[in-house]
Number of protein chains: 2
Amino acid sequence: MIKLINGVGRDIPEGLKPFVSSSNFMNEKRKLMPKKNKVDKPVFLPDFASAFEILAVKSGMTLSFHHHLRNGDKVIQLICDEIKAKNLQDIHLAPSSIFPSYTSLADLVKEGNVTNIHTNYINGPVAEMVSKGFLKGKLIMNTHGGRARAIESGDLKIDIAFLACPVVDKNGNGYGAIGKSACGTLGYALSDLHYAKKVVLITDTIVDSLEDFQLSGEYVDYVIKVDSIGDNSGIVSGTTEVTKDPIGLKMAKDCANMLDYLGIIKDGFSMQTGAGKTSLAVVKFVEQIMKHKGIKGSFASGGITKAYVEMLEQELFDELYDVQCFDLEAVKSFSQNKNHKAMSASEYGNPFEKDPVCNKLDFVILGATEIDLDFNVNVTTDSLGNLIGGSGGHADIAYGSKLTIIISPLIKSRIPIIKDKVMTVTTPGSDVDILVTERGIAINPKRIDLRQKLKDSGLPVFEISELLELSHKITGVPRKIETEENIVGFVEYRDGSYIDCIRQVKNGY
Amino acid sequence: MIKLINGVGRDIPEGLKPFVSSSNFMNEKRKLMPKKNKVDKPVFLPDFASAFEILAVKSGMTLSFHHHLRNGDKVIQLICDEIKAKNLQDIHLAPSSIFPSYTSLADLVKEGNVTNIHTNYINGPVAEMVSKGFLKGKLIMNTHGGRARAIESGDLKIDIAFLACPVVDKNGNGYGAIGKSACGTLGYALSDLHYAKKVVLITDTIVDSLEDFQLSGEYVDYVIKVDSIGDNSGIVSGTTEVTKDPIGLKMAKDCANMLDYLGIIKDGFSMQTGAGKTSLAVVKFVEQIMKHKGIKGSFASGGITKAYVEMLEQELFDELYDVQCFDLEAVKSFSQNKNHKAMSASEYGNPFEKDPVCNKLDFVILGATEIDLDFNVNVTTDSLGNLIGGSGGHADIAYGSKLTIIISPLIKSRIPIIKDKVMTVTTPGSDVDILVTERGIAINPKRIDLRQKLKDSGLPVFEISELLELSHKITGVPRKIETEENIVGFVEYRDGSYIDCIRQVKNGY
């Protein structure tokens with residue numbers, strides 16, 4: 001009898017909305033809630049412990065956070081410690097990302113206080129707890145644009161948003177560009193600010209009045225002053241540096257040459273790259289081409305790094321659109337350069353926005369943990385099924401950009417990255433155009449135009465199945481990985497449909 | 001190395017525009033030529049033989065025709081006889097369809113006078129000559145909407161259009177509704193009328209003045225009076241009658257019940273069916289449902305038959321949109337009923353029209369010679385590769401309609417209609433939603449919504465691969481059919497791209 005599978009061939013449990021296609025949202029009407037009630041003046045709470053009482057945080061609530069301080073964030077730890085102290089039950093947490101330093105949250109998952117999680121990226125001990133089946137409810141993995149959509153549509157209802165904010169003024173206006181814990185743009189906090197039932201800014205720096213701010217005080221119910229909201233040196237992760245590996249440099253060079261051959265690097269072009277080391281190497285090669293040919297781009301977007309800051313300063317781009325600063329150079333640039341502009345997660349990648357930045361991109365360079373013969377990409381789990389990341393903006397910009405390139409070595413830690421089928425689908429293959437590896441380039445059969453343009457380019461173009469065979473010759477055919485049947489979470493596509501299930505890993509992995 | 005294949009997996013020779021997807025035209029700008037110069041008054045030529053001299057028909061020209069008299073047409077025969085008499089060479093013919101009675105044309109192909117053909121449907125001896133490799137140039141198979149696009153864009157340039165017209169007035173205005181050879185609407189003649197370099201109406205009835213007309217005399221250069229333009233009883237082909245076969249009736253009943261279960265037959269709905277016997281049986285069952293439930297539809301379109309005329313007369317539909325009358329009852333209705341409206345091929349199915357009728361359809365029921373595991377449909381060749389038809393409006397309405405249903409017995413003349421891959425792709429599987437056979441119904445995996453809705457319907461729903469296996473159990477696995485390498489023609493998709501090649505059949509078939 002017929003199989004009920006979704007648009008990328010995955011089984012989705014009954015009653016959940018299956019993913020159909022990346023453009024299916026165009027058949028739907030936008031759901032949009034009214035924004036929260038405005039506030040005359042925020043209440044400044046004297047200290048953190050009393051705040052939790054006044055806010056009446058209780059069991060069953062949904063609490064949200066942004067992740068702009070990334071691995072240096074302390075706010076989520078403070079809240080988790082209070083949940084633990086009060087032994088609240090059935091808490092639903094919705095941080096925009098979860099990093100390895102969030103150890104208190106891992107304890108709450110293990111102890112059963114936190115039962116449901118919505119997030120866009122998850123790594124470290126919390127991920128491990130969820131993969132092992134400790135979360136009593138479910139993990140929902142969103143995209144950056146999809147999280148904004150979920151909040152603004154009312155699909156994800158937030159009781160209290162706890163928003164770390166480097167500086168807050170007496171009217172509750174908040175800004176991330178300055179202060180001792182400055183982290184730059186606060187793009188992921190905007191949906192929470194506008195749609196949570198209650199909004200609390202947590203800061204370590206209060207000033208009389210801010211001229212520039214990103215979070216408008218009219219939506220802020222409470223401000224809490226703490227000693228430190230975090231350590232902004234934790235913003236930089238290992239992944240925001242340019243590669244020195246010769247294989248990575250070769251791939252990056254091939255990729256830049258391909259872009260050049262395709263004629264995409266031309267006056268007025270726009271681009272985004274992930275923050276992986278190889279992607280950043282591509283940026284450097286693109287910069288060389290631009291200088292050599294005297295080309296000026298219109299904008300770069302994303303998580304912004306030093307590489308793009310330098311290009312803006314050399315006027316190689318007119319503007320940067322920044323949803324989160326990936327290093328302290330970007331934080332500094334954001335505070336000083338008027339052409340380094342903030343955008344919200346919704347303006348960046350919400351499918352239902354009229355003209356999101358992701359849809360204006362000429363090309364994007366992204367990474368992959370796995371990619372399969374249908375070009376579906378997994379950046380959510382490893383090949384064993386362990387949670388090690390998530391879409392972030394991956395699926396948003398893969399959809400929006402005119403050209404989506406995945407760059408990755410053919411083999412990582414002796415495991416081929418090309419699979420017959422990926423363990424978990426994060427981004428549908430329909431939105432992935434080209435795979436660049438050190439051994440060759442594969443083009444999605446749907447991109448007939450690119451196949452024609454590149455066939456006489458002299459670049460090493462193969463079918464993706466040929467690259468799979470090549471990698472199997474090197475590593476042997478990997479054994480098939482089994483997971484438990486138990487579903488621990490779901491990958492929610494940016495339109496709110498379910499693109500894949502995440503299952504508990506087998507004991508022993 | 002990489003294969004250069006088009007969007008349905010077919011090899012297309014270098015330099016030809018490959019089919020990408022059925023919606024790819026949306027990425028393109030419409031090409032539209034200026035219409036031909038207007039004429040003060042047409043010249044009435046005294047007889048046919050002198051006309052050919054005055055028109056200066058010569059070798060290398062492109063001549064076009066419509067097919068509204070179908071198998072009863074005499075005009076194309078007359079022209080072919082003149083080409084033969086003058087032994088013109090390298091003639092390019094562009095009739096909207098070619099029927100078995102066009103024997104003089106078959107001779108011209110065999111003798112090499114006609115070297116290239118553009119048409120939307122081909123059957124009989126001309127088809128046989130082309131399949132056997134006698135055409136020196138190439139056959140291009142268009143869709144009805146695609147032919148209009150080709151002419152209006154200048155891709156298909158016509159030197160002289162010879163348009164059979166049942167009645168013409170002194171100003172050159174032409175109409176098909178009346179006259180001894182009345183054939184109803186002249187929808188396929190409009191592009192030729194507006195864009196050919198010279199337009200000739202050929203008629204057997206001249207009147208002083210027409211109040212209603214479809215062909216405006218201001219575009220008509222010449223009028224030729226002949227004894228007879230054809231026999232309008234030849235309009236009706238065997239395929240325009242309702243089936244009496246019990247298997248056909250069962251499929252039709254299942255199909256109508258499915259439409260009812262899906263809730264598509266509701267006030268204001270619209271539909272189109274092919275003129276196959278089983279499709280027409282579906283119309284009868286739909287009519288019963290409408291009467292039983294008191295439902296009134298908005299419109300039916302197509303080639304209109306008696307079945308729809310009766311429904312219009314019973315006010316079951318508000319309007320009929322008719323591009324060609326399929327029987328004499330439709331001709332009569334068109335001449336008498338103001339709600340039986342004409343449409344041009346462009347208004348019907350040109351992808352670049354703003355709001356073509358095909359895009360407003362709720363469902364269509366179509367036939368298939370073959371259908372494959374990707375739901376690609378062949379109505380162009382048989383399973384051996386012999387030309388036996390063509391798209392007509394098949395690909396146009398399959399694209400435009402919200403729901404596209406193929407109805408066919410599982411096995412025809414001991415040959416399974418489901419194949420791993422069809423011999424020739426006429427309509428891409430992306431636009432085909434459901435296959436109804438007497439042994440079960442298959443739903444395209446892309447239509448996740450339909451799979452969910454129908455899974456508890458009690459209807460016999462299977463995977464298409466299961467139906468293929470079932471038919472192989474009955475007939476055995478058919479042997480693989482080889483063709484010659486020589487390409488005799490191409491299936492041009494409605495947007496002007498090449499969706500498949502047609503190859504010479506092997507000797508002995």
# chains A, B, ... in the order shown; residues from 1 in each chain; ligands from 1
$ residues_around --residues "Thr369 of chain A" --least-positions-apart "4" --cutoff "8 Å" --atoms "only C-alpha atoms" --output "PyMOL selection string"
chain A and resi 377-383+417
$ interface_residues --of "chain B" --to "chain A" --cutoff "8 Å" --atoms "only C-alpha atoms" --output "ChimeraX atom specification"
/B:1-7,18,20,445-448,451-452,455,461-463
$ select_by_dssp --residues "segment 6-49 of chain A" --states "strand (DSSP E or B)" --output "ChimeraX atom specification"
/A:11,18,43-45
$ write_last_selection --atoms "N, CA, C and O atoms" --output "PDB file, in the first residue's frame"
ATOM      1  N   ASP A  11       9.575   9.491   6.526  1.00  0.00           N
ATOM      2  CA  ASP A  11       8.352   9.208   7.281  1.00  0.00           C
ATOM      3  C   ASP A  11       8.158  10.259   8.360  1.00  0.00           C
ATOM      4  O   ASP A  11       9.073  10.514   9.143  1.00  0.00           O
ATOM      5  N   PRO A  18       3.587  17.499   7.038  1.00  0.00           N
ATOM      6  CA  PRO A  18       4.802  17.063   6.345  1.00  0.00           C
ATOM      7  C   PRO A  18       5.375  18.151   5.439  1.00  0.00           C
ATOM      8  O   PRO A  18       4.638  18.934   4.844  1.00  0.00           O
ATOM      9  N   VAL A  43      10.151  48.121  34.592  1.00  0.00           N
ATOM     10  CA  VAL A  43      10.472  48.041  36.014  1.00  0.00           C
ATOM     11  C   VAL A  43      11.904  47.526  36.139  1.00  0.00           C
ATOM     12  O   VAL A  43      12.253  46.513  35.532  1.00  0.00           O
ATOM     13  N   PHE A  44      12.718  48.257  36.888  1.00  0.00           N
ATOM     14  CA  PHE A  44      14.097  47.808  37.113  1.00  0.00           C
ATOM     15  C   PHE A  44      14.129  46.977  38.373  1.00  0.00           C
ATOM     16  O   PHE A  44      13.798  47.448  39.459  1.00  0.00           O
ATOM     17  N   LEU A  45      14.471  45.718  38.235  1.00  0.00           N
ATOM     18  CA  LEU A  45      14.482  44.814  39.381  1.00  0.00           C
ATOM     19  C   LEU A  45      15.865  44.844  40.022  1.00  0.00           C
ATOM     20  O   LEU A  45      16.879  44.859  39.326  1.00  0.00           O
TER      21      LEU A  45
END
$ select_by_dssp --residues "segment 73-316 of chain A" --states "alpha helix (DSSP H)" --output "ChimeraX atom specification"
/A:75-86,103-111,125-131,144-153,190-195,246-261,277-293,306-313
$ atom_distance --atom1 "atom CA of Asn171 of chain B" --atom2 "atom CA of Ile229 of chain B"
19.4 Å
